[in-house]
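Below: one structure, written as structure tokens.
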Amino acid sequence: MSFTKKPQLHEDWIDPYALRIVKNLQDSGFETYLVGGCVRDLMVGIHPKDFDIATSAHPNQVRKKVPNAYVIGRRFKLVLVKRGDQQFEVATFRRNISAEELAATPEEDTIEGDNYFGTVEEDAKRRDFTANAVFYDPANNKLIDFCGGIQDIEDRVLRMIGDPKDRFIEDPIRILRAIRLSHKLHFSIESTMRHAISECAPELKKSVLPRRREEWLKFMRLNEPHLAFMELFDLHILEQILPGLHSVFIDPVKMETFELHVARINQVGINRQDPLELFAGFMFSFMKAQYGEGQWDSEIENDPKLAYFIREEMGIFKQETAVFFKALHLMSGLKKIDSYSRKGERRQMAFVKNEAFGLAMKLSMLDFSLSAPEIHYWMQQVEKFNGAQVPPTH
């Protein structure tokens, strides 16, 4: 049943380009709304970063009505609208199709992928969590809710649409999304869904690594990522897809070391939009916990278990790993100011302008391995060589 309500949200936080796209399609006669995470975040007082749009217009109709719009995707066709350095996703209302309906469809009429278009209500009921199924109509300033999402947002409860176990088996990544969103929003996980998470945790082994990688990055962007990883451990998820990290959490001393470092990632200037820096902060925390204090030698760097954890469990790219280890090597040089000061200007500049220098500084601050005077000294060196080109070595 549809439920409409005048919203209590920060309307001035809504991107004007997103509003323009909605209005453009509405003026062309198409039912169109903001939907998903942006509406949910607005309702809880979080400034949205992305604005998704749902409409009755089909992809090619959107492309014709909205400037700079491009149809993308094969299994799930949607429209990407570019506005400067921003982009907005516009998706047509979808519906689920029954096995009987699919069987009755002539082969030549079968629609490819997930492109069975439907109504706004059908679209709402196929989304994952009730909090993500609230639509906002900015033209009439009202919220539209078919799944009880408004009440769940007000109660700060994360609840699955449909049977949680079935939905987790359908897409196991929803398990990670549920835990991450509960920490981002400070929502409790509804009890039936929490039980289904524990029961379905082994299903995550069937998920593809690139999707898990994207979730790990989102976990690290949380304000308190260490608490989310602790919950993954408590729900027996780490042992399924991050056994390397599970081995840290079963040791109380290692677990504390990991959590203390990860908790500081957001305090030392790690760029939360840069996957390389996020993974570097995470891996440094992991290695401090797993291998202890002191300088790590090349044997650890070439440890096949560590390489497997980096590549196969976390999904960290080879280039990201290379820069991370380069930063680890530079960290020892940051403690040798006397040796650095005796070098010629060309060699000094090459050290400071190294691609991993800034990351080495951040990891050193993560570890408290540089004193305030040492940090000040290196900041002066960066300023000294700012804008300068590294001279050739030959």
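Chain labels A, B, ... are given in the sequence in which chains occur in the structure tokens; within each chain residues are numbered consecutively from 1, and ligands are likewise numbered from 1 in the order shown.
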Within 9 Å of stretch 371-374 of chain A using only C-alpha atoms, minus same-chain residues under 3 positions, as an MDAnalysis selection string: chainID A and resid 334:335 337 365 368 377:379
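Within 8 Å of stretch 343-352 of chain A, once only C-alpha atoms are used and residues closer than 2 positions along the same chain are dropped, the contacting residues are Ser339, Tyr340, Ser341, Asn354, Phe357, Gln381, Val382, Phe385, Val390 and Pro391 of chain A.
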Write a file of the just-selected residues containing N, CA and C atoms, as a short mmCIF file (atom, residue, chain, number, x, y, z; two decimals), in the first residue's frame.
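Result file is result.cif:
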data_model
loop_
_atom_site.label_atom_id
_atom_site.label_comp_id
_atom_site.auth_asym_id
_atom_site.auth_seq_id
_atom_site.Cartn_x
_atom_site.Cartn_y
_atom_site.Cartn_z
N SER A 339 71.08 11.66 7.90
CA SER A 339 71.61 11.09 6.65
C SER A 339 71.02 11.82 5.45
N TYR A 340 69.75 12.12 5.50
CA TYR A 340 69.09 12.84 4.41
C TYR A 340 69.71 14.21 4.23
N SER A 341 69.97 14.92 5.32
CA SER A 341 70.46 16.30 5.23
C SER A 341 71.86 16.39 4.63
N ASN A 354 59.21 11.30 -4.40
CA ASN A 354 58.84 9.92 -4.68
C ASN A 354 57.32 9.77 -4.60
N PHE A 357 55.99 8.98 -1.16
CA PHE A 357 56.44 9.76 0.00
C PHE A 357 55.27 10.20 0.88
N GLN A 381 60.37 20.27 4.04
CA GLN A 381 61.03 19.75 2.84
C GLN A 381 60.07 19.66 1.67
N VAL A 382 58.84 19.23 1.94
CA VAL A 382 57.83 19.18 0.88
C VAL A 382 57.58 20.57 0.32
N PHE A 385 60.46 21.78 -1.95
CA PHE A 385 60.55 21.22 -3.30
C PHE A 385 59.21 21.23 -4.02
N VAL A 390 61.92 16.62 -10.51
CA VAL A 390 63.06 15.79 -10.12
C VAL A 390 64.06 15.75 -11.26
N PRO A 391 65.34 16.15 -11.03
CA PRO A 391 66.33 16.11 -12.10
C PRO A 391 66.60 14.68 -12.56
#
Do you have, as CSV, the list of residues of stretch 326-349 of chain A lying at most 12 Å from stretch 270-290 of chain A, each with its nearest atom pair and that distance in Å to one decimal, counting only C-alpha atoms and ordered by chain then number?
residue,atom,partner,partner_atom,distance
A:Lys326,CA,A:Ala280,CA,10.7
A:Ala327,CA,A:Ala280,CA,8.9
A:Leu328,CA,A:Phe284,CA,8.6
A:Met331,CA,A:Phe284,CA,11.7
All strand (DSSP E) positions in stretch 117-268 of chain A, as JSON, numbers by chain: {"A": [134, 135, 136, 137, 142, 143, 144, 145, 157, 158, 188, 189]}
Contact residues around A:Lys305 with only C-alpha atoms at 12 Å, ignoring same-chain residues under 6 positions, as a list in words: Pro243, Gly244, Leu245, Ser247, Met287, Gln290, Glu299, Arg311, Glu312 and Glu313 of chain A
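Put simply, atom CA of A:Ser364 is 9.1 Å away from atom CA of A:Val268.
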Selection near A:Cys147, 7 Å with only C-alpha atoms, sequence-local residues under 2 positions removed, as a PyMOL selection string: chain A and resi 125+130+133+145+149
Please produce a file of those selected residues containing N, CA and C atoms, as a short mmCIF file (atom, residue, chain, number, x, y, z; two decimals), in the first residue's frame.
data_model
loop_
_atom_site.label_atom_id
_atom_site.label_comp_id
_atom_site.auth_asym_id
_atom_site.auth_seq_id
_atom_site.Cartn_x
_atom_site.Cartn_y
_atom_site.Cartn_z
N LYS A 125 9.26 -2.84 -4.38
CA LYS A 125 9.22 -4.14 -3.70
C LYS A 125 10.33 -5.08 -4.13
N THR A 130 14.06 -1.86 3.29
CA THR A 130 12.94 -0.92 3.29
C THR A 130 13.41 0.52 3.29
N ALA A 133 13.88 1.97 -0.13
CA ALA A 133 12.75 1.87 -1.06
C ALA A 133 11.79 3.04 -0.92
N ASP A 145 5.98 5.65 -0.09
CA ASP A 145 6.52 4.48 0.60
C ASP A 145 5.56 3.30 0.47
N GLY A 149 9.29 1.75 4.79
CA GLY A 149 10.62 2.31 4.98
C GLY A 149 10.66 3.55 5.84
#
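Closest approach to A:Ile241 among A:Arg159, A:Arg94, A:Lys362, A:Lys206: A:Lys206, based on only C-alpha atoms.
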